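The next block is input-v5.cif, given as mmCIF, C-alpha atoms.
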```cif
data_final
loop_
_atom_site.label_atom_id
_atom_site.label_comp_id
_atom_site.auth_asym_id
_atom_site.auth_seq_id
_atom_site.Cartn_x
_atom_site.Cartn_y
_atom_site.Cartn_z
CA ALA A 23 104.08 -166.25 121.98
CA GLN A 24 103.27 -162.78 120.80
CA ARG A 25 101.76 -162.17 117.42
CA VAL A 26 100.65 -159.17 115.38
CA THR A 27 98.02 -159.51 112.68
CA GLN A 28 97.32 -156.94 110.02
CA PRO A 29 94.44 -158.52 108.13
CA GLU A 30 94.54 -156.27 105.07
CA LYS A 31 97.46 -156.45 102.64
CA LEU A 32 96.04 -153.55 100.66
CA LEU A 33 93.67 -150.75 101.53
CA SER A 34 92.50 -148.45 98.78
CA VAL A 35 90.53 -145.26 99.50
CA PHE A 36 89.77 -141.94 97.88
CA LYS A 37 91.14 -138.64 99.09
CA GLY A 38 89.01 -137.22 101.86
CA ALA A 39 87.61 -140.59 102.92
CA PRO A 40 88.16 -141.96 106.42
CA VAL A 41 90.79 -144.65 106.75
CA GLU A 42 91.30 -147.35 109.34
CA LEU A 43 94.24 -149.74 109.21
CA LYS A 44 93.61 -152.72 111.44
CA CYS A 45 96.06 -154.24 113.86
CA ASN A 46 95.29 -157.06 116.26
CA TYR A 47 97.75 -158.59 118.66
CA SER A 48 98.04 -161.59 120.90
CA TYR A 49 99.99 -161.15 124.09
CA SER A 50 98.98 -161.88 127.64
CA GLY A 51 100.90 -159.10 129.34
CA SER A 52 100.98 -155.34 128.97
CA PRO A 53 102.08 -154.56 125.42
CA GLU A 54 103.86 -151.59 123.99
CA LEU A 55 102.48 -150.93 120.49
CA PHE A 56 103.86 -148.93 117.61
CA TRP A 57 102.91 -147.93 114.09
CA TYR A 58 105.73 -147.52 111.58
CA VAL A 59 105.35 -146.05 108.10
CA GLN A 60 107.42 -146.47 104.95
CA TYR A 61 106.81 -143.94 102.18
CA SER A 62 107.94 -144.80 98.68
CA ARG A 63 111.73 -145.06 98.47
CA GLN A 64 112.17 -143.92 102.06
CA ARG A 65 113.23 -145.63 105.22
CA LEU A 66 110.82 -147.04 107.75
CA GLN A 67 110.08 -144.51 110.43
CA LEU A 68 108.07 -144.40 113.60
CA LEU A 69 104.64 -142.88 113.10
CA LEU A 70 103.28 -143.15 116.60
CA ARG A 71 103.27 -145.28 119.74
CA HIS A 72 100.40 -145.89 122.04
CA ILE A 73 102.14 -144.70 125.18
CA SER A 74 102.48 -141.22 123.70
CA ARG A 75 98.75 -140.90 123.01
CA GLU A 76 99.46 -138.29 120.36
CA SER A 77 98.24 -137.53 116.86
CA ILE A 78 100.85 -137.54 114.11
CA LYS A 79 100.00 -136.29 110.60
CA GLY A 80 96.33 -136.57 111.58
CA PHE A 81 96.63 -140.25 112.52
CA THR A 82 95.58 -141.63 115.88
CA ALA A 83 95.61 -145.11 117.35
CA ASP A 84 93.95 -146.28 120.52
CA LEU A 85 94.92 -149.39 122.39
CA ASN A 86 91.86 -151.53 123.09
CA LYS A 87 92.95 -154.21 125.52
CA GLY A 88 89.55 -155.89 125.50
CA GLU A 89 89.66 -156.43 121.75
CA THR A 90 93.48 -156.66 121.69
CA SER A 91 93.59 -154.11 118.90
CA PHE A 92 95.57 -151.01 117.99
CA HIS A 93 93.89 -149.75 114.84
CA LEU A 94 95.31 -146.71 113.05
CA LYS A 95 92.75 -144.11 112.02
CA LYS A 96 92.58 -140.89 110.10
CA PRO A 97 89.30 -139.06 109.44
CA PHE A 98 90.27 -137.62 106.03
CA ALA A 99 92.91 -139.42 103.97
CA GLN A 100 95.38 -137.44 101.85
CA GLU A 101 97.29 -138.61 98.78
CA GLU A 102 100.56 -138.20 100.66
CA ASP A 103 99.38 -140.82 103.16
CA SER A 104 99.96 -143.50 100.53
CA ALA A 105 102.58 -145.77 102.05
CA MET A 106 103.21 -149.12 103.68
CA TYR A 107 102.17 -149.25 107.33
CA TYR A 108 103.47 -151.74 109.88
CA CYS A 109 102.09 -152.42 113.32
CA ALA A 110 104.61 -153.65 115.89
CA LEU A 111 104.42 -155.05 119.41
CA LYS A 112 107.00 -155.14 122.16
CA SER A 113 106.51 -157.03 125.35
CA GLY A 114 107.91 -155.93 128.66
CA GLY A 115 111.69 -156.11 128.74
CA SER A 116 112.05 -157.70 125.32
CA TYR A 117 114.61 -156.34 122.89
CA ILE A 118 112.72 -157.67 119.92
CA PRO A 119 109.64 -156.06 118.44
CA THR A 120 107.23 -158.31 116.54
CA PHE A 121 105.99 -156.81 113.29
CA GLY A 122 102.81 -157.45 111.39
CA ARG A 123 103.03 -158.18 107.68
CA GLY A 124 102.11 -154.64 106.76
CA THR A 125 99.24 -152.91 104.98
CA SER A 126 99.76 -150.94 101.81
CA LEU A 127 97.56 -147.85 101.82
CA ILE A 128 96.76 -146.23 98.50
CA VAL A 129 94.91 -142.94 98.51
CA HIS A 130 93.44 -142.05 95.12
CA PRO A 131 92.91 -138.44 94.05
CA ASN B 12 123.43 -136.45 112.54
CA ALA B 13 123.14 -139.27 109.97
CA GLY B 14 121.22 -141.76 112.18
CA VAL B 15 121.56 -145.28 110.75
CA THR B 16 123.68 -145.63 107.63
CA GLN B 17 123.72 -148.75 105.47
CA THR B 18 125.98 -149.64 102.57
CA PRO B 19 125.64 -150.59 99.80
CA LYS B 20 122.22 -149.41 98.61
CA PHE B 21 122.04 -151.99 95.84
CA GLN B 22 123.88 -155.22 95.14
CA VAL B 23 123.60 -158.02 92.62
CA LEU B 24 125.29 -161.31 93.45
CA LYS B 25 125.62 -164.62 91.70
CA THR B 26 124.63 -167.76 93.59
CA GLY B 27 127.49 -168.83 95.83
CA GLN B 28 129.14 -165.43 96.10
CA SER B 29 129.67 -163.80 99.47
CA MET B 30 129.23 -160.25 100.65
CA THR B 31 128.96 -158.13 103.78
CA LEU B 32 126.32 -155.50 104.39
CA GLN B 33 127.58 -152.70 106.55
CA CYS B 34 125.59 -150.73 109.11
CA ALA B 35 126.62 -147.91 111.41
CA GLN B 36 124.67 -145.70 113.79
CA ASP B 37 125.74 -142.47 115.42
CA MET B 38 123.06 -142.25 118.11
CA ASN B 39 125.01 -144.16 120.78
CA HIS B 40 122.33 -146.87 120.81
CA ASN B 41 122.97 -150.14 122.59
CA SER B 42 120.77 -152.37 120.44
CA MET B 43 121.07 -153.08 116.74
CA TYR B 44 119.07 -155.30 114.41
CA TRP B 45 119.04 -156.77 110.92
CA TYR B 46 115.70 -157.38 109.20
CA ARG B 47 114.72 -158.58 105.78
CA GLN B 48 111.61 -157.30 104.04
CA ASP B 49 109.80 -159.49 101.55
CA PRO B 50 106.44 -158.89 99.85
CA GLY B 51 103.61 -160.39 101.86
CA MET B 52 105.98 -161.43 104.65
CA GLY B 53 106.56 -158.10 106.31
CA LEU B 54 109.70 -157.58 108.34
CA ARG B 55 111.48 -160.62 109.65
CA LEU B 56 114.33 -160.43 112.13
CA ILE B 57 117.55 -162.08 111.05
CA TYR B 58 119.87 -161.26 113.96
CA TYR B 59 120.06 -158.71 116.68
CA SER B 60 122.63 -157.41 119.12
CA ALA B 61 121.46 -156.22 122.52
CA SER B 62 124.82 -154.64 123.30
CA GLU B 63 128.38 -154.47 122.08
CA GLY B 64 129.91 -157.94 122.12
CA THR B 65 126.64 -159.88 122.02
CA THR B 66 124.59 -161.21 119.13
CA ASP B 67 121.52 -163.45 118.98
CA LYS B 68 119.55 -165.20 116.29
CA GLY B 69 116.23 -163.91 115.21
CA GLU B 70 113.44 -165.56 113.24
CA VAL B 71 115.37 -166.30 110.00
CA PRO B 72 119.13 -166.58 110.73
CA ASN B 73 120.04 -169.44 108.39
CA GLY B 74 122.56 -168.46 105.75
CA TYR B 75 123.67 -165.33 107.59
CA ASN B 76 126.32 -164.31 110.10
CA VAL B 77 126.74 -161.04 111.96
CA SER B 78 129.47 -159.11 113.73
CA ARG B 79 128.99 -156.38 116.29
CA LEU B 80 132.33 -154.74 115.64
CA ASN B 81 131.85 -152.00 118.21
CA LYS B 82 128.95 -150.02 119.61
CA ARG B 83 128.44 -148.18 116.32
CA GLU B 84 128.74 -150.95 113.75
CA PHE B 85 126.79 -154.14 113.08
CA SER B 86 127.53 -156.02 109.87
CA LEU B 87 125.62 -158.82 108.14
CA ARG B 88 127.46 -161.40 106.07
CA LEU B 89 126.15 -163.78 103.46
CA GLU B 90 128.77 -166.51 103.09
CA SER B 91 127.24 -168.26 100.08
CA ALA B 92 124.37 -166.30 98.60
CA ALA B 93 121.23 -168.10 97.40
CA PRO B 94 118.33 -166.80 95.29
CA SER B 95 116.09 -167.13 98.38
CA GLN B 96 118.13 -164.34 99.94
CA THR B 97 116.95 -161.86 97.34
CA SER B 98 115.32 -159.25 99.53
CA VAL B 99 115.54 -155.75 100.95
CA TYR B 100 117.66 -155.67 104.09
CA PHE B 101 117.20 -153.12 106.83
CA CYS B 102 119.46 -152.34 109.71
CA ALA B 103 117.95 -150.68 112.76
CA SER B 104 119.03 -149.48 116.17
CA SER B 105 117.28 -148.57 119.40
CA GLU B 106 117.96 -147.37 122.89
CA GLU B 107 116.55 -150.60 124.29
CA GLY B 108 118.67 -151.51 127.25
CA THR B 109 118.84 -147.88 128.27
CA VAL B 110 115.30 -146.70 127.55
CA TYR B 111 112.48 -149.16 128.14
CA ASN B 112 110.49 -150.11 125.02
CA SER B 113 112.19 -147.56 122.83
CA PRO B 114 111.32 -147.46 119.11
CA LEU B 115 113.54 -148.59 116.26
CA HIS B 116 115.46 -146.25 113.98
CA PHE B 117 115.97 -147.70 110.53
CA GLY B 118 118.54 -147.33 107.80
CA ASN B 119 117.62 -146.75 104.15
CA GLY B 120 117.89 -150.40 103.24
CA THR B 121 119.96 -152.52 100.87
CA ARG B 122 118.25 -154.06 97.89
CA LEU B 123 119.97 -157.38 97.20
CA THR B 124 119.36 -159.56 94.16
CA VAL B 125 120.88 -163.03 93.92
CA THR B 126 120.83 -164.59 90.46
#
```
Reformat the file's structure so that it appears as structure tokens.
Amino acid sequence: AQRVTQPEKLLSVFKGAPVELKCNYSYSGSPELFWYVQYSRQRLQLLLRHISRESIKGFTADLNKGETSFHLKKPFAQEEDSAMYYCALKSGGSYIPTFGRGTSLIVHP
Amino acid sequence: NAGVTQTPKFQVLKTGQSMTLQCAQDMNHNSMYWYRQDPGMGLRLIYYSASEGTTDKGEVPNGYNVSRLNKREFSLRLESAAPSQTSVYFCASSEEGTVYNSPLHFGNGTRLTVT
């Protein structure tokens, strides 16, 4: 069975500090991993996916198959980054993504 | 291009009442989903529909029914609401089935309170 673990319910940092939101997964095959973000009173939206290997809003995430992790990183947090972040995993051919429980990021001024 | 549209945005029900949450997408996606979002529990899949005419149970289907009316619309029905169904409900769609491992597109959510 596939599983996604986001160990931190809440992450609180100050503006300008580095931020890392952790995501670990368990899946024996080749996973497709995503980060979704939900800003206050807005819909969930895709932030980035590992296959794209791109940086969105200064965030990056690298798939580490050895550690089965897909941590989301940003070198300098901004107040507008405050949101709920969900890591999600899809296995090959599955219609159903598995979501982690989410991490609430609060960036203080 | 509206994307995924959900109605209503808010609803208050009394225990035992029924209601249907509506969802429509205009992106010609094959797959549609219903999730509930609860604090500390993340997103849990209620039902999904891989294509028009098919529906399957997700992680937490009890107390819910769904209808994939056509390719655009996927409704969620609570036949006899219970306080445990107080939650925020999200509809989503994706190109899965056409595009391998495609991401989800979400609606704005319905905040449901059952008293």
query: So which one's closest to chain A, B:Arg88, B:His40, B:His116, B:Arg47? Using only C-alpha atoms, please.
result: B:His116
task: Starting from the displayed file, determine the output of the PyMOL selection byres ((chain B and resi 17-33) around 6) and express the residue list as a list in words.
output: Thr16, Cys34, Ser86, Leu87, Arg88, Leu89, Glu90, Ser91, Ala92, Ala93, Gly118, Thr121, Arg122, Leu123, Thr124, Val125 and Thr126 of chain B
message: Can you spell out as a PyMOL selection string the set of residues that the PyMOL selection byres ((chain B) within 12 of (chain A)) selects in the structure I just provided?
response: chain B and resi 14-17+20+41-62+66-70+99-122
- prompt: Mind telling me what the PyMOL selection byres ((chain A and resi 35-44) around 8) catches here, as an MDAnalysis selection string?
  reply: chainID A and resid 28:30 33:34 45:46 91:101 125 127:131
Point-to-point distance from CA of Ala105 in chain A to CA of Thr97 in chain B, Å rounded to tenths: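 Spanning CA of Ala105 in chain A to CA of Thr97 in chain B is a straight-line distance of 22.1 Å.
Taking CA of Thr65 in chain B and CA of Gln36 in chain B as endpoints, the distance between them is 16.5 Å.
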